[in-house]
Amino acid sequence: MTLLGYIIEMSDGGNWVEVERTDGDTRTCSITHLRQDVDYNFRVSGYNRIGKGHTKDIDTPVKAKSPFSKPGPPVGPLNMSNVTRSTVDLNWSPPTSINDIPITNYFVEKFRDGIWIKVARLPPTSTSLKVFNLIENKETLFRVSAENRFGVSEPLQSMSIKPTRLLETKPVKELDSTAASYFEKTLDHNDFNFLLYHDSPASTTFDTLKFGDDIEEYIKNVW
């Protein structure tokens with residue numbers, strides 16, 4: 001029996017509705033007037049002069065999306081590393097769903113004392129940031145959103161973190177008689193004030209020593 005064509009049907013969760021009928025040589029069609037963010041199922045069947053044959057359904061529903069929409073959220077996890085008492089390094093991956101519309105910015109925010117505070121606005125080529133001015137032993141959350149010319153994505157959120165000096169990286173060099181090279185010294189009346197630092201990774205660690213304190217022993221205890 002000669003194949004006359006194909007019948008395409010659609011369902012949005014209710015009854016099946018015929019949306020297109022083609023000839024026997026045509027195996028493609030365009031379906032319009034779909035509603036955005038609605039899941040649709042489609043099926044196709046052949047027909048001849050006797051009637052319609054068996055149908056073939058698509059494997060999974062299709063969600064109608066506008067080609068002109070805001071991006072998906074950045075891809076997680078939102079990683080945190082090199083944590084000190086006042087800084088943390090964040091990094092993430094670009095959204096997988098950007099509808100071929102380029103990302104224009106990333107927004108980084110931190111949550112503290114019940115409110116979200118803007119930290120930085122970054123270009124699309126930046127997927128990492130060192131955050132400064134954290135408060136020691138104060139729990140903080142972070143989130144990152146992507147933006148294109150149609151809007152801002154849902155955010156990618158981190159786990160909570162509590163900055164503390166206990167997480168700071170120890171110096172890799174052995175302490176010896178040149179340990180004073182770890183310090184910047186300023187004289188204030190009868191006290192010597194020392195700013196403790198280390199080049200890699202950058203640290204905001206600091207403390208004050210009285211003149212006459214055993215510097216090397218203090219370093220061992222602190223670090």
# chains A, B, ... in the order shown; residues from 1 in each chain; ligands from 1

$ residues_around --residues "A:Glu109" --least-positions-apart "4" --cutoff "7 Å" --atoms "only C-alpha atoms" --output "PDB file with N, CA and C atoms, in the first residue's frame"
ATOM      1  N   TRP A 116      22.517  40.167  51.272  1.00  0.00           N
ATOM      2  CA  TRP A 116      23.491  39.910  50.207  1.00  0.00           C
ATOM      3  C   TRP A 116      24.187  41.223  49.842  1.00  0.00           C
ATOM      4  N   ILE A 117      25.519  41.192  49.834  1.00  0.00           N
ATOM      5  CA  ILE A 117      26.337  42.369  49.569  1.00  0.00           C
ATOM      6  C   ILE A 117      27.113  42.146  48.272  1.00  0.00           C
ATOM      7  N   LYS A 118      27.042  43.103  47.347  1.00  0.00           N
ATOM      8  CA  LYS A 118      27.792  42.979  46.095  1.00  0.00           C
ATOM      9  C   LYS A 118      29.292  43.083  46.374  1.00  0.00           C
ATOM     10  N   VAL A 119      30.044  42.131  45.811  1.00  0.00           N
ATOM     11  CA  VAL A 119      31.496  42.091  45.989  1.00  0.00           C
ATOM     12  C   VAL A 119      32.218  42.557  44.738  1.00  0.00           C
ATOM     13  N   PHE A 142      28.672  32.739  49.601  1.00  0.00           N
ATOM     14  CA  PHE A 142      28.933  33.455  48.358  1.00  0.00           C
ATOM     15  C   PHE A 142      27.990  32.944  47.272  1.00  0.00           C
ATOM     16  N   ARG A 143      27.714  33.797  46.285  1.00  0.00           N
ATOM     17  CA  ARG A 143      26.961  33.356  45.118  1.00  0.00           C
ATOM     18  C   ARG A 143      27.445  34.130  43.894  1.00  0.00           C
ATOM     19  N   VAL A 144      27.323  33.471  42.737  1.00  0.00           N
ATOM     20  CA  VAL A 144      27.767  34.057  41.468  1.00  0.00           C
ATOM     21  C   VAL A 144      26.633  33.937  40.458  1.00  0.00           C
TER      22      VAL A 144
END

$ residues_around --residues "A:Phe150" --least-positions-apart "6" --cutoff "10 Å" --atoms "only C-alpha atoms" --output "PyMOL selection string"
chain A and resi 68-71+101+103

$ write_last_selection --atoms "C-alpha atoms" --output "short mmCIF file (atom, residue, chain, number, x, y, z; two decimals), in the first residue's frame"
data_model
loop_
_atom_site.label_atom_id
_atom_site.label_comp_id
_atom_site.auth_asym_id
_atom_site.auth_seq_id
_atom_site.Cartn_x
_atom_site.Cartn_y
_atom_site.Cartn_z
CA PHE A 68 16.35 35.54 23.39
CA SER A 69 16.55 34.82 27.10
CA LYS A 70 18.84 35.25 30.08
CA PRO A 71 21.61 32.66 30.60
CA ILE A 101 24.05 34.84 23.38
CA ILE A 103 27.85 36.45 28.62
#

$ residues_around --residues "A:Asn91" --least-positions-apart "5" --cutoff "6 Å" --atoms "only C-alpha atoms" --output "list in words"
Leu78, Asn79, Thr127 and Ser128 of chain A

$ write_last_selection --atoms "N, CA and C atoms" --output "short mmCIF file (atom, residue, chain, number, x, y, z; two decimals), in the first residue's frame"
data_model
loop_
_atom_site.label_atom_id
_atom_site.label_comp_id
_atom_site.auth_asym_id
_atom_site.auth_seq_id
_atom_site.Cartn_x
_atom_site.Cartn_y
_atom_site.Cartn_z
N LEU A 78 30.72 25.99 43.32
CA LEU A 78 31.44 27.23 43.54
C LEU A 78 32.56 26.91 44.53
N ASN A 79 33.76 26.72 43.99
CA ASN A 79 34.88 26.24 44.81
C ASN A 79 35.50 27.37 45.62
N THR A 127 36.56 33.79 35.63
CA THR A 127 35.74 32.83 36.37
C THR A 127 36.39 32.50 37.72
N SER A 128 37.10 33.47 38.26
CA SER A 128 37.70 33.32 39.59
C SER A 128 37.86 34.69 40.22
#

$ select_by_dssp --residues "stretch 29-196 of chain A" --states "strand (DSSP E)" --output "tab-separated table (two decimals) with N, CA and C atoms, in the first residue's frame"
chain	number	residue	atom	x	y	z
A	39	ASP	N	6.57	21.93	28.72
A	39	ASP	CA	7.08	20.68	28.19
A	39	ASP	C	6.11	20.11	27.15
A	40	TYR	N	6.64	19.77	25.98
A	40	TYR	CA	5.83	19.22	24.90
A	40	TYR	C	6.34	17.83	24.51
A	41	ASN	N	5.39	16.93	24.21
A	41	ASN	CA	5.70	15.63	23.62
A	41	ASN	C	5.23	15.64	22.17
A	42	PHE	N	5.98	14.94	21.31
A	42	PHE	CA	5.62	14.85	19.90
A	42	PHE	C	5.66	13.39	19.47
A	43	ARG	N	4.84	13.07	18.48
A	43	ARG	CA	4.87	11.73	17.91
A	43	ARG	C	4.54	11.82	16.42
A	44	VAL	N	5.04	10.83	15.68
A	44	VAL	CA	4.87	10.80	14.22
A	44	VAL	C	4.31	9.44	13.81
A	45	SER	N	3.42	9.44	12.86
A	45	SER	CA	2.90	8.18	12.30
A	45	SER	C	2.73	8.34	10.80
A	46	GLY	N	2.91	7.26	10.07
A	46	GLY	CA	2.65	7.27	8.64
A	46	GLY	C	1.18	6.98	8.37
A	47	TYR	N	0.70	7.39	7.18
A	47	TYR	CA	-0.69	7.08	6.83
A	47	TYR	C	-0.79	6.78	5.34
A	52	LYS	N	-4.17	5.44	9.52
A	52	LYS	CA	-2.92	5.81	10.19
A	52	LYS	C	-2.24	4.57	10.76
A	53	GLY	N	-0.90	4.54	10.65
A	53	GLY	CA	-0.14	3.42	11.18
A	53	GLY	C	0.30	3.65	12.62
A	54	HIS	N	1.27	2.84	13.06
A	54	HIS	CA	1.79	2.95	14.42
A	54	HIS	C	2.54	4.28	14.59
A	55	THR	N	2.50	4.79	15.81
A	55	THR	CA	3.16	6.07	16.10
A	55	THR	C	4.54	5.84	16.71
A	56	LYS	N	5.41	6.82	16.52
A	56	LYS	CA	6.73	6.83	17.14
A	56	LYS	C	6.86	8.11	17.95
A	57	ASP	N	7.02	7.97	19.30
A	57	ASP	CA	7.14	9.12	20.19
A	57	ASP	C	8.59	9.52	20.36
A	62	VAL	N	10.17	18.01	25.26
A	62	VAL	CA	10.94	19.17	24.84
A	62	VAL	C	10.36	20.41	25.51
A	63	LYS	N	11.23	21.21	26.16
A	63	LYS	CA	10.79	22.45	26.79
A	63	LYS	C	11.01	23.60	25.83
A	75	VAL	N	28.14	27.12	36.23
A	75	VAL	CA	28.22	25.71	36.58
A	75	VAL	C	29.07	25.54	37.84
A	76	GLY	N	28.54	24.78	38.79
A	76	GLY	CA	29.23	24.56	40.04
A	76	GLY	C	30.03	23.27	40.05
A	77	PRO	N	30.61	22.99	41.22
A	77	PRO	CA	30.40	23.76	42.44
A	77	PRO	C	31.16	25.09	42.44
A	78	LEU	N	30.72	25.99	43.32
A	78	LEU	CA	31.44	27.23	43.54
A	78	LEU	C	32.56	26.91	44.53
A	79	ASN	N	33.76	26.72	43.99
A	79	ASN	CA	34.88	26.24	44.81
A	79	ASN	C	35.50	27.37	45.62
A	80	MET	N	35.94	27.03	46.84
A	80	MET	CA	36.62	27.97	47.72
A	80	MET	C	37.96	27.37	48.13
A	81	SER	N	39.03	28.16	48.01
A	81	SER	CA	40.36	27.66	48.35
A	81	SER	C	41.21	28.78	48.93
A	88	VAL	N	39.56	34.68	50.71
A	88	VAL	CA	39.25	33.37	50.14
A	88	VAL	C	39.28	33.49	48.62
A	89	ASP	N	39.71	32.43	47.94
A	89	ASP	CA	39.69	32.38	46.48
A	89	ASP	C	38.47	31.62	46.01
A	90	LEU	N	37.71	32.21	45.08
A	90	LEU	CA	36.53	31.58	44.50
A	90	LEU	C	36.79	31.24	43.04
A	91	ASN	N	36.22	30.13	42.56
A	91	ASN	CA	36.25	29.85	41.13
A	91	ASN	C	35.05	29.01	40.73
A	92	TRP	N	34.61	29.17	39.48
A	92	TRP	CA	33.41	28.52	38.96
A	92	TRP	C	33.59	28.29	37.47
A	93	SER	N	32.59	27.70	36.82
A	93	SER	CA	32.63	27.45	35.37
A	93	SER	C	31.50	28.21	34.69
A	105	ASN	N	28.77	39.76	31.80
A	105	ASN	CA	29.33	40.00	33.13
A	105	ASN	C	29.05	38.82	34.05
A	106	TYR	N	29.87	38.73	35.11
A	106	TYR	CA	29.56	37.89	36.27
A	106	TYR	C	29.42	38.80	37.48
A	107	PHE	N	28.47	38.49	38.36
A	107	PHE	CA	28.29	39.22	39.60
A	107	PHE	C	28.58	38.30	40.77
A	108	VAL	N	29.45	38.75	41.68
A	108	VAL	CA	29.80	37.99	42.88
A	108	VAL	C	29.24	38.72	44.09
A	109	GLU	N	28.57	37.97	44.96
A	109	GLU	CA	27.99	38.56	46.16
A	109	GLU	C	28.33	37.70	47.37
A	110	LYS	N	28.32	38.32	48.56
A	110	LYS	CA	28.50	37.56	49.80
A	110	LYS	C	27.32	37.84	50.73
A	111	PHE	N	26.96	36.83	51.51
A	111	PHE	CA	25.83	36.93	52.44
A	111	PHE	C	26.36	36.99	53.85
A	112	ARG	N	26.05	38.09	54.52
A	112	ARG	CA	26.51	38.28	55.89
A	112	ARG	C	25.51	39.14	56.64
A	115	ILE	N	21.98	39.84	54.85
A	115	ILE	CA	21.79	40.53	53.57
A	115	ILE	C	22.87	40.09	52.57
A	116	TRP	N	22.52	40.17	51.27
A	116	TRP	CA	23.49	39.91	50.21
A	116	TRP	C	24.19	41.22	49.84
A	117	ILE	N	25.52	41.19	49.83
A	117	ILE	CA	26.34	42.37	49.57
A	117	ILE	C	27.11	42.15	48.27
A	118	LYS	N	27.04	43.10	47.35
A	118	LYS	CA	27.79	42.98	46.09
A	118	LYS	C	29.29	43.08	46.37
A	119	VAL	N	30.04	42.13	45.81
A	119	VAL	CA	31.50	42.09	45.99
A	119	VAL	C	32.22	42.56	44.74
A	120	ALA	N	31.77	42.07	43.57
A	120	ALA	CA	32.50	42.39	42.34
A	120	ALA	C	31.62	42.18	41.12
A	121	ARG	N	31.94	42.92	40.08
A	121	ARG	CA	31.38	42.72	38.74
A	121	ARG	C	32.55	42.40	37.83
A	122	LEU	N	32.53	41.21	37.20
A	122	LEU	CA	33.69	40.73	36.45
A	122	LEU	C	33.37	40.58	34.96
A	128	SER	N	37.10	33.47	38.26
A	128	SER	CA	37.70	33.32	39.59
A	128	SER	C	37.86	34.69	40.22
A	129	LEU	N	37.96	34.71	41.55
A	129	LEU	CA	38.10	35.98	42.27
A	129	LEU	C	38.66	35.73	43.65
A	130	LYS	N	39.60	36.56	44.09
A	130	LYS	CA	40.05	36.57	45.48
A	130	LYS	C	39.23	37.62	46.22
A	131	VAL	N	38.53	37.22	47.26
A	131	VAL	CA	37.68	38.10	48.06
A	131	VAL	C	38.43	38.51	49.32
A	141	LEU	N	28.45	33.27	53.16
A	141	LEU	CA	28.09	32.54	51.94
A	141	LEU	C	28.47	33.39	50.74
A	142	PHE	N	28.67	32.74	49.60
A	142	PHE	CA	28.93	33.46	48.36
A	142	PHE	C	27.99	32.94	47.27
A	143	ARG	N	27.71	33.80	46.29
A	143	ARG	CA	26.96	33.36	45.12
A	143	ARG	C	27.44	34.13	43.89
A	144	VAL	N	27.32	33.47	42.74
A	144	VAL	CA	27.77	34.06	41.47
A	144	VAL	C	26.63	33.94	40.46
A	145	SER	N	26.37	35.03	39.72
A	145	SER	CA	25.35	35.05	38.67
A	145	SER	C	25.99	35.49	37.36
A	146	ALA	N	25.44	35.00	36.26
A	146	ALA	CA	25.89	35.41	34.92
A	146	ALA	C	24.87	36.36	34.30
A	147	GLU	N	25.35	37.27	33.47
A	147	GLU	CA	24.47	38.23	32.83
A	147	GLU	C	24.72	38.27	31.33
A	148	ASN	N	23.64	38.36	30.55
A	148	ASN	CA	23.76	38.72	29.14
A	148	ASN	C	22.82	39.89	28.88
A	151	GLY	N	19.27	39.66	30.55
A	151	GLY	CA	19.01	39.56	31.98
A	151	GLY	C	20.09	38.82	32.73
A	152	VAL	N	19.82	38.60	34.02
A	152	VAL	CA	20.76	37.95	34.94
A	152	VAL	C	20.24	36.56	35.30
A	156	LEU	N	24.54	30.74	41.36
A	156	LEU	CA	25.21	29.55	41.87
A	156	LEU	C	25.72	29.89	43.26
A	157	GLN	N	25.30	29.12	44.27
A	157	GLN	CA	25.62	29.46	45.66
A	157	GLN	C	26.63	28.49	46.25
A	183	PHE	N	59.44	39.43	58.59
A	183	PHE	CA	58.79	40.53	59.28
A	183	PHE	C	59.12	41.88	58.67
A	184	GLU	N	58.15	42.79	58.80
A	184	GLU	CA	58.39	44.20	58.51
A	184	GLU	C	58.31	44.91	59.86
A	185	LYS	N	59.36	45.65	60.24
A	185	LYS	CA	59.45	46.17	61.60
A	185	LYS	C	59.27	47.69	61.61
A	186	THR	N	58.44	48.17	62.53
A	186	THR	CA	58.30	49.61	62.76
A	186	THR	C	58.42	49.87	64.26
A	187	LEU	N	59.02	50.99	64.60
A	187	LEU	CA	59.25	51.32	66.00
A	187	LEU	C	58.15	52.25	66.49
A	188	ASP	N	57.54	51.88	67.62
A	188	ASP	CA	56.47	52.68	68.22
A	188	ASP	C	56.75	52.79	69.71
A	191	ASP	N	57.83	49.74	71.91
A	191	ASP	CA	57.44	48.46	71.31
A	191	ASP	C	57.95	48.36	69.88
A	192	PHE	N	58.26	47.18	69.48
A	192	PHE	CA	58.47	46.89	68.07
A	192	PHE	C	57.21	46.21	67.56
A	193	ASN	N	56.62	46.75	66.48
A	193	ASN	CA	55.45	46.13	65.88
A	193	ASN	C	55.88	45.40	64.61
A	194	PHE	N	55.50	44.15	64.51
A	194	PHE	CA	55.92	43.33	63.37
A	194	PHE	C	54.69	42.93	62.56
A	195	LEU	N	54.80	43.07	61.23
A	195	LEU	CA	53.75	42.62	60.33
A	195	LEU	C	54.21	41.32	59.70
A	196	LEU	N	53.52	40.24	60.04
A	196	LEU	CA	53.90	38.92	59.53
A	196	LEU	C	53.35	38.74	58.13

$ residues_around --residues "A:Asn48" --least-positions-apart "6" --cutoff "8 Å" --atoms "only C-alpha atoms" --output "list in words"
Met1, Thr2, Leu3, Leu4 and Gly5 of chain A

$ closest_residue --among "A:Ile31, A:Pro123, A:Lys138, A:Gly114" --to "A:Ser160" --atoms "only C-alpha atoms"
A:Lys138

$ residues_around --residues "A:Leu34" --least-positions-apart "2" --cutoff "7 Å" --atoms "only C-alpha atoms" --output "number ranges by chain"
A: 32, 36, 64

$ atom_distance --atom1 "atom CA of A:Leu166" --atom2 "atom CA of A:Asp113"
22.7 Å

$ residues_around --residues "A:Pro163" --least-positions-apart "4" --cutoff "9 Å" --atoms "only C-alpha atoms" --output "number ranges by chain"
A: 83-88, 134-140, 167

$ write_last_selection --atoms "C-alpha atoms" --output "PDB file, in the first residue's frame"
ATOM      1  CA  VAL A  83      41.207  30.424  52.959  1.00  0.00           C
ATOM      2  CA  THR A  84      42.732  32.802  55.512  1.00  0.00           C
ATOM      3  CA  ARG A  85      41.215  34.785  58.339  1.00  0.00           C
ATOM      4  CA  SER A  86      40.255  37.559  55.907  1.00  0.00           C
ATOM      5  CA  THR A  87      40.472  36.234  52.325  1.00  0.00           C
ATOM      6  CA  VAL A  88      39.252  33.370  50.143  1.00  0.00           C
ATOM      7  CA  LEU A 134      36.257  38.879  55.447  1.00  0.00           C
ATOM      8  CA  ILE A 135      35.654  38.839  59.182  1.00  0.00           C
ATOM      9  CA  GLU A 136      37.416  36.125  61.154  1.00  0.00           C
ATOM     10  CA  ASN A 137      35.100  33.446  62.613  1.00  0.00           C
ATOM     11  CA  LYS A 138      32.072  35.047  60.898  1.00  0.00           C
ATOM     12  CA  GLU A 139      30.112  32.622  58.697  1.00  0.00           C
ATOM     13  CA  THR A 140      29.787  33.836  55.104  1.00  0.00           C
ATOM     14  CA  LEU A 167      43.141  27.484  57.710  1.00  0.00           C
TER      15      LEU A 167
END

$ atom_distance --atom1 "atom CA of A:Ile8" --atom2 "atom CA of A:Thr60"
15.9 Å
